[in-house]
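Peer 1: Sharing run22.pdb here; it has PDB, C-alpha atoms.
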ATOM      1  CA  MET B   1     -16.968   4.444   0.759  1.00  0.00           C
ATOM      2  CA  SER B   2     -14.946   1.639   2.361  1.00  0.00           C
ATOM      3  CA  GLN B   3     -12.547   2.358   5.223  1.00  0.00           C
ATOM      4  CA  ILE B   4      -9.535   1.639   3.017  1.00  0.00           C
ATOM      5  CA  GLU B   5     -10.814   3.973   0.290  1.00  0.00           C
ATOM      6  CA  ALA B   6     -11.511   6.620   2.962  1.00  0.00           C
ATOM      7  CA  ASN B   7      -7.958   6.243   4.299  1.00  0.00           C
ATOM      8  CA  LEU B   8      -6.541   6.633   0.788  1.00  0.00           C
ATOM      9  CA  ALA B   9      -8.667   9.750   0.228  1.00  0.00           C
ATOM     10  CA  ALA B  10      -7.603  11.229   3.577  1.00  0.00           C
ATOM     11  CA  LEU B  11      -3.970  10.736   2.542  1.00  0.00           C
ATOM     12  CA  GLY B  12      -4.650  12.380  -0.822  1.00  0.00           C
ATOM     13  CA  ILE B  13      -3.817   9.182  -2.693  1.00  0.00           C
ATOM     14  CA  THR B  14      -5.408   8.239  -5.982  1.00  0.00           C
ATOM     15  CA  LEU B  15      -4.499   4.726  -7.058  1.00  0.00           C
ATOM     16  CA  PRO B  16      -3.084   4.673 -10.584  1.00  0.00           C
ATOM     17  CA  THR B  17      -4.009   2.270 -13.348  1.00  0.00           C
ATOM     18  CA  PRO B  18      -1.732  -0.664 -12.556  1.00  0.00           C
ATOM     19  CA  PRO B  19       1.003  -1.284 -15.106  1.00  0.00           C
ATOM     20  CA  ALA B  20       0.912  -4.409 -17.253  1.00  0.00           C
ATOM     21  CA  ALA B  21       3.575  -7.073 -16.875  1.00  0.00           C
ATOM     22  CA  VAL B  22       6.615  -6.364 -19.036  1.00  0.00           C
ATOM     23  CA  ALA B  23       7.979  -9.919 -19.260  1.00  0.00           C
ATOM     24  CA  ASN B  24       6.843 -13.522 -18.830  1.00  0.00           C
ATOM     25  CA  TYR B  25       4.930 -13.177 -15.558  1.00  0.00           C
ATOM     26  CA  VAL B  26       1.555 -11.994 -14.294  1.00  0.00           C
ATOM     27  CA  PRO B  27       1.078  -8.925 -12.072  1.00  0.00           C
ATOM     28  CA  TYR B  28      -0.693 -10.946  -9.382  1.00  0.00           C
ATOM     29  CA  VAL B  29      -1.799 -14.452  -8.454  1.00  0.00           C
ATOM     30  CA  ILE B  30      -4.666 -15.492  -6.202  1.00  0.00           C
ATOM     31  CA  THR B  31      -4.329 -18.945  -4.689  1.00  0.00           C
ATOM     32  CA  GLY B  32      -6.655 -20.018  -1.909  1.00  0.00           C
ATOM     33  CA  ASN B  33      -6.945 -17.061   0.453  1.00  0.00           C
ATOM     34  CA  LEU B  34      -3.660 -15.469  -0.616  1.00  0.00           C
ATOM     35  CA  LEU B  35      -3.080 -12.640  -3.065  1.00  0.00           C
ATOM     36  CA  VAL B  36       0.530 -12.357  -4.217  1.00  0.00           C
ATOM     37  CA  ILE B  37       1.542  -9.149  -5.995  1.00  0.00           C
ATOM     38  CA  SER B  38       4.587  -9.187  -8.289  1.00  0.00           C
ATOM     39  CA  GLY B  39       7.280  -6.600  -7.655  1.00  0.00           C
ATOM     40  CA  GLN B  40       6.151  -3.034  -8.344  1.00  0.00           C
ATOM     41  CA  ILE B  41       8.586  -0.254  -9.093  1.00  0.00           C
ATOM     42  CA  CYS B  42       8.144   3.409  -8.207  1.00  0.00           C
ATOM     43  CA  PHE B  43       6.075   4.643 -11.148  1.00  0.00           C
ATOM     44  CA  GLY B  44       4.167   7.842 -10.435  1.00  0.00           C
ATOM     45  CA  LEU B  45       0.466   8.441 -11.056  1.00  0.00           C
ATOM     46  CA  ASP B  46       1.358   9.289 -14.665  1.00  0.00           C
ATOM     47  CA  GLY B  47       2.828   5.800 -15.159  1.00  0.00           C
ATOM     48  CA  LYS B  48       6.359   7.169 -15.489  1.00  0.00           C
ATOM     49  CA  LEU B  49       9.490   6.826 -13.424  1.00  0.00           C
ATOM     50  CA  ALA B  50      10.665  10.243 -12.223  1.00  0.00           C
ATOM     51  CA  ASP B  51      14.370  11.035 -12.506  1.00  0.00           C
ATOM     52  CA  SER B  52      14.384  11.618  -8.737  1.00  0.00           C
ATOM     53  CA  HIS B  53      13.496   7.923  -8.253  1.00  0.00           C
ATOM     54  CA  LYS B  54      16.169   6.514 -10.568  1.00  0.00           C
ATOM     55  CA  GLY B  55      19.581   5.341  -9.499  1.00  0.00           C
ATOM     56  CA  LYS B  56      21.305   3.991  -6.451  1.00  0.00           C
ATOM     57  CA  LEU B  57      20.575   4.938  -2.877  1.00  0.00           C
ATOM     58  CA  GLY B  58      23.729   6.328  -1.351  1.00  0.00           C
ATOM     59  CA  ALA B  59      25.092   7.443  -4.737  1.00  0.00           C
ATOM     60  CA  GLU B  60      22.725   9.278  -7.129  1.00  0.00           C
ATOM     61  CA  ILE B  61      19.807   9.597  -4.712  1.00  0.00           C
ATOM     62  CA  PHE B  62      19.412   9.780  -0.963  1.00  0.00           C
ATOM     63  CA  ASN B  63      17.005   8.960   1.818  1.00  0.00           C
ATOM     64  CA  GLU B  64      14.091  11.338   1.179  1.00  0.00           C
ATOM     65  CA  ALA B  65      13.781  10.337  -2.489  1.00  0.00           C
ATOM     66  CA  GLY B  66      14.228   6.689  -1.494  1.00  0.00           C
ATOM     67  CA  LEU B  67      11.378   6.921   1.013  1.00  0.00           C
ATOM     68  CA  GLU B  68       9.173   8.531  -1.647  1.00  0.00           C
ATOM     69  CA  ALA B  69      10.103   5.767  -4.100  1.00  0.00           C
ATOM     70  CA  ALA B  70       9.201   3.034  -1.586  1.00  0.00           C
ATOM     71  CA  ARG B  71       5.891   4.778  -0.874  1.00  0.00           C
ATOM     72  CA  LEU B  72       5.102   4.905  -4.605  1.00  0.00           C
ATOM     73  CA  CYS B  73       5.869   1.191  -4.866  1.00  0.00           C
ATOM     74  CA  ALA B  74       3.353   0.506  -2.079  1.00  0.00           C
ATOM     75  CA  ILE B  75       0.747   2.636  -3.873  1.00  0.00           C
ATOM     76  CA  ASN B  76       1.333   0.555  -7.009  1.00  0.00           C
ATOM     77  CA  VAL B  77       1.024  -2.647  -4.954  1.00  0.00           C
ATOM     78  CA  LEU B  78      -2.374  -1.446  -3.716  1.00  0.00           C
ATOM     79  CA  ALA B  79      -3.398  -0.547  -7.277  1.00  0.00           C
ATOM     80  CA  GLN B  80      -2.579  -4.107  -8.380  1.00  0.00           C
ATOM     81  CA  ALA B  81      -4.474  -5.486  -5.354  1.00  0.00           C
ATOM     82  CA  LYS B  82      -7.525  -3.413  -6.277  1.00  0.00           C
ATOM     83  CA  ALA B  83      -7.413  -4.768  -9.837  1.00  0.00           C
ATOM     84  CA  ALA B  84      -6.996  -8.330  -8.572  1.00  0.00           C
ATOM     85  CA  LEU B  85      -9.914  -8.001  -6.162  1.00  0.00           C
ATOM     86  CA  GLY B  86     -12.377  -6.526  -8.628  1.00  0.00           C
ATOM     87  CA  GLY B  87     -12.080  -3.082  -7.063  1.00  0.00           C
ATOM     88  CA  ASP B  88     -12.883  -4.238  -3.505  1.00  0.00           C
ATOM     89  CA  LEU B  89      -9.884  -3.524  -1.267  1.00  0.00           C
ATOM     90  CA  GLU B  90     -12.000  -4.405   1.782  1.00  0.00           C
ATOM     91  CA  ARG B  91     -11.408  -8.057   0.836  1.00  0.00           C
ATOM     92  CA  ILE B  92      -7.889  -7.598   2.257  1.00  0.00           C
ATOM     93  CA  LYS B  93      -7.859  -9.223   5.679  1.00  0.00           C
ATOM     94  CA  ARG B  94      -4.161  -8.671   6.297  1.00  0.00           C
ATOM     95  CA  CYS B  95      -0.926  -7.646   4.666  1.00  0.00           C
ATOM     96  CA  VAL B  96       1.103 -10.774   5.378  1.00  0.00           C
ATOM     97  CA  ARG B  97       4.445  -9.774   3.909  1.00  0.00           C
ATOM     98  CA  LEU B  98       6.282  -7.075   1.994  1.00  0.00           C
ATOM     99  CA  GLY B  99       9.534  -7.723   0.190  1.00  0.00           C
ATOM    100  CA  GLY B 100      11.712  -4.735  -0.623  1.00  0.00           C
ATOM    101  CA  PHE B 101      14.549  -4.453  -3.101  1.00  0.00           C
ATOM    102  CA  ILE B 102      16.669  -1.332  -2.801  1.00  0.00           C
ATOM    103  CA  ASN B 103      18.966  -0.318  -5.667  1.00  0.00           C
ATOM    104  CA  ALA B 104      21.888   0.538  -3.405  1.00  0.00           C
ATOM    105  CA  ALA B 105      25.517   1.558  -3.594  1.00  0.00           C
ATOM    106  CA  PRO B 106      27.749  -1.057  -1.913  1.00  0.00           C
ATOM    107  CA  HIS B 107      28.324   1.065   1.216  1.00  0.00           C
ATOM    108  CA  PHE B 108      24.652   2.047   1.718  1.00  0.00           C
ATOM    109  CA  SER B 109      23.287   0.354   4.846  1.00  0.00           C
ATOM    110  CA  ALA B 110      20.055   2.265   5.565  1.00  0.00           C
ATOM    111  CA  LEU B 111      17.972  -0.274   3.627  1.00  0.00           C
ATOM    112  CA  PRO B 112      15.380  -0.854   6.401  1.00  0.00           C
ATOM    113  CA  ALA B 113      14.777   2.882   6.807  1.00  0.00           C
ATOM    114  CA  ILE B 114      14.093   3.275   3.080  1.00  0.00           C
ATOM    115  CA  MET B 115      11.676   0.329   3.077  1.00  0.00           C
ATOM    116  CA  ASN B 116       9.731   2.056   5.866  1.00  0.00           C
ATOM    117  CA  GLY B 117       8.289   4.275   3.118  1.00  0.00           C
ATOM    118  CA  ALA B 118       6.293   1.246   1.930  1.00  0.00           C
ATOM    119  CA  SER B 119       5.643  -0.255   5.361  1.00  0.00           C
ATOM    120  CA  ASP B 120       4.407   2.992   6.875  1.00  0.00           C
ATOM    121  CA  LEU B 121       2.001   3.556   3.981  1.00  0.00           C
ATOM    122  CA  MET B 122       0.589   0.040   4.290  1.00  0.00           C
ATOM    123  CA  VAL B 123      -0.211   0.662   7.974  1.00  0.00           C
ATOM    124  CA  GLN B 124      -1.635   4.140   7.251  1.00  0.00           C
ATOM    125  CA  VAL B 125      -3.972   2.698   4.615  1.00  0.00           C
ATOM    126  CA  LEU B 126      -4.888  -0.683   6.151  1.00  0.00           C
ATOM    127  CA  GLY B 127      -4.590   0.115   9.864  1.00  0.00           C
ATOM    128  CA  GLU B 128      -3.701  -2.871  12.062  1.00  0.00           C
ATOM    129  CA  ARG B 129      -4.293  -5.280   9.199  1.00  0.00           C
ATOM    130  CA  GLY B 130      -1.432  -3.507   7.418  1.00  0.00           C
ATOM    131  CA  ARG B 131       1.205  -4.707   9.918  1.00  0.00           C
ATOM    132  CA  HIS B 132       3.332  -7.291   8.146  1.00  0.00           C
ATOM    133  CA  ALA B 133       6.434  -9.432   8.072  1.00  0.00           C
ATOM    134  CA  ARG B 134       9.139  -8.028   5.814  1.00  0.00           C
ATOM    135  CA  SER B 135      12.407  -8.646   4.048  1.00  0.00           C
ATOM    136  CA  THR B 136      14.579  -5.880   2.633  1.00  0.00           C
ATOM    137  CA  VAL B 137      17.648  -6.460   0.513  1.00  0.00           C
ATOM    138  CA  GLY B 138      20.080  -4.252  -1.343  1.00  0.00           C
ATOM    139  CA  VAL B 139      20.543  -5.112  -5.004  1.00  0.00           C
ATOM    140  CA  ALA B 140      22.968  -4.104  -7.749  1.00  0.00           C
ATOM    141  CA  GLU B 141      20.288  -3.038 -10.278  1.00  0.00           C
ATOM    142  CA  LEU B 142      16.508  -2.840 -10.722  1.00  0.00           C
ATOM    143  CA  PRO B 143      14.367  -2.602 -13.868  1.00  0.00           C
ATOM    144  CA  ALA B 144      14.435   0.841 -15.524  1.00  0.00           C
ATOM    145  CA  ASP B 145      17.106   1.875 -12.975  1.00  0.00           C
ATOM    146  CA  ALA B 146      14.339   2.256 -10.364  1.00  0.00           C
ATOM    147  CA  ALA B 147      15.507   3.058  -6.859  1.00  0.00           C
ATOM    148  CA  VAL B 148      13.072   0.653  -5.156  1.00  0.00           C
ATOM    149  CA  GLU B 149      10.862  -2.342  -5.971  1.00  0.00           C
ATOM    150  CA  VAL B 150       8.291  -3.837  -3.582  1.00  0.00           C
ATOM    151  CA  GLU B 151       6.382  -7.131  -3.723  1.00  0.00           C
ATOM    152  CA  ALA B 152       3.544  -8.153  -1.412  1.00  0.00           C
ATOM    153  CA  MET B 153       1.418 -10.961  -0.077  1.00  0.00           C
ATOM    154  CA  PHE B 154      -2.075 -10.416   1.357  1.00  0.00           C
ATOM    155  CA  GLU B 155      -4.572 -12.661   3.073  1.00  0.00           C
ATOM    156  CA  ILE B 156      -7.943 -12.060   1.426  1.00  0.00           C
ATOM    157  CA  ALA B 157     -11.582 -12.930   2.034  1.00  0.00           C
TER     158      ALA B 157
END
Spell out the structure here as structure tokens.
Peer 2:
Amino acid sequence: MSQIEANLAALGITLPTPPAAVANYVPYVITGNLLVISGQICFGLDGKLADSHKGKLGAEIFNEAGLEAARLCAINVLAQAKAALGGDLERIKRCVRLGGFINAAPHFSALPAIMNGASDLMVQVLGERGRHARSTVGVAELPADAAVEVEAMFEIA
């Protein structure tokens, strides 16, 4: 078992089957030594969006559910990466960047704290190679009324 797979197992995480693209895009692109993962929303292992992860941060849902939603997005990012890399997550040399989109009420300013749900998971799973640059923005709406969406870029071997 690879170190990444061992870390996932130790965290009790099973990567789901990655969802297919729902519009005119692909779920990932490999170019040179970069793997770019399209935005992933907070689907659970069952492929569904839980009611607790729908709506706006600071209105319908609050920090704990937002952190869970960001963590689920990161799990879905890793599921897409595994599919892109033929099942071999050890090809990831580094998480270069995460981009976070938080479905937020206008007054909600704790965007970085919510995005830590994804960032923390990436470091827990990838160790030092999981430390990344990041952008986090609040948005008016997300697909399926998801609370969080996360995109990623990895350097790969």
Peer 1: If you apply the PyMOL selection byres ((chain B and resi 83) around 12) to this file, what residues do you get, as number ranges by chain?
Peer 2: B: 15-20, 27-30, 35, 37, 76-82, 84-89, 91
Peer 1: How would the residues just chosen look if you wrote them out with C-alpha atoms as a CSV table (one decimal), in the frame of the given file?
Peer 2:
chain,number,residue,atom,x,y,z
B,15,LEU,CA,-4.5,4.7,-7.1
B,16,PRO,CA,-3.1,4.7,-10.6
B,17,THR,CA,-4.0,2.3,-13.3
B,18,PRO,CA,-1.7,-0.7,-12.6
B,19,PRO,CA,1.0,-1.3,-15.1
B,20,ALA,CA,0.9,-4.4,-17.3
B,27,PRO,CA,1.1,-8.9,-12.1
B,28,TYR,CA,-0.7,-10.9,-9.4
B,29,VAL,CA,-1.8,-14.5,-8.5
B,30,ILE,CA,-4.7,-15.5,-6.2
B,35,LEU,CA,-3.1,-12.6,-3.1
B,37,ILE,CA,1.5,-9.1,-6.0
B,76,ASN,CA,1.3,0.6,-7.0
B,77,VAL,CA,1.0,-2.6,-5.0
B,78,LEU,CA,-2.4,-1.4,-3.7
B,79,ALA,CA,-3.4,-0.5,-7.3
B,80,GLN,CA,-2.6,-4.1,-8.4
B,81,ALA,CA,-4.5,-5.5,-5.4
B,82,LYS,CA,-7.5,-3.4,-6.3
B,84,ALA,CA,-7.0,-8.3,-8.6
B,85,LEU,CA,-9.9,-8.0,-6.2
B,86,GLY,CA,-12.4,-6.5,-8.6
B,87,GLY,CA,-12.1,-3.1,-7.1
B,88,ASP,CA,-12.9,-4.2,-3.5
B,89,LEU,CA,-9.9,-3.5,-1.3
B,91,ARG,CA,-11.4,-8.1,0.8
Peer 1: Applying the PyMOL selection byres ((chain B and resi 4) around 8) to the file I just gave you, which residues come out? Please list them as a ChimeraX atom specification.
Peer 2: /B:2-3,5-8,89-90,125-126
Peer 1: For the file shown, what are the residues hit by the PyMOL selection byres ((chain B and resi 135-145) around 9), laid out as a list of chain:residue names?
Peer 2: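 Evaluating the PyMOL selection byres ((chain B and resi 135-145) around 9) on these coordinates yields B:Ile41, B:Leu49, B:His53, B:Lys54, B:Gly55, B:Lys56, B:Arg97, B:Leu98, B:Gly99, B:Gly100, B:Phe101, B:Ile102, B:Asn103, B:Ala104, B:Ala105, B:Pro106, B:Phe108, B:Ser109, B:Leu111, B:Pro112, B:Met115, B:Ala133, B:Arg134, B:Ala146, B:Ala147, B:Val148, B:Glu149.
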Peer 1: Between CA of Val36 in chain B and CA of Ala152 in chain B, what is the distance, to one decimal in Å?
Peer 2: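 These two atoms are separated by 5.9 Å.
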Peer 1: Work out how far apart CA of Asp51 in chain B and CA of Gly66 in chain B are and give it in Å to one decimal.
Peer 2: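 If I compute the distance from CA of Asp51 in chain B to CA of Gly66 in chain B, I get 11.8 Å.
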Peer 1: If we count all atoms listed in the file and set the cut-off at 9 Å, which residues sit around range 119-121 of chain B, ignoring sequence neighbours fewer than 5 positions away in its own chain? Please answer as an NGL selection string.
Peer 2: :B and (70-71 or 74-75 or 98 or 126 or 130-132 or 134)
Peer 1: Given all atoms listed in the file as the basis, pick out the residue of B:Ala113, B:Arg94, B:Leu67, B:Ala118 nearest to Leu34 in chain B.
Peer 2: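 Looking at the shortest contact to Leu34 in chain B, the residue is B:Arg94.
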Peer 1: Pick from B:Met122, B:Met1, B:Ala110, B:Val150: nearest to Leu57 in chain B, with only C-alpha atoms counted?
Peer 2: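 Answer, going by the shortest atom-to-atom distance: B:Ala110.
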Peer 1: When you count all atoms listed in the file, which of these residues is closest to Glu151 in chain B: B:Ile61, B:Ile92, B:Cys42, B:Val123?
Peer 2: B:Cys42
Peer 1: Quick one: distance from CA of Leu45 in chain B to CA of Phe62 in chain B in Å, one decimal?
Peer 2: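 Interatomic distance here is 21.5 Å.
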Peer 1: With only C-alpha atoms as the atoms that count, which of B:Ala10, B:Ala21, B:Ile114, B:Ala65 lies nearest to Gly39 in chain B?
Peer 2: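 Looking at the shortest contact to Gly39 in chain B, the residue is B:Ala21.
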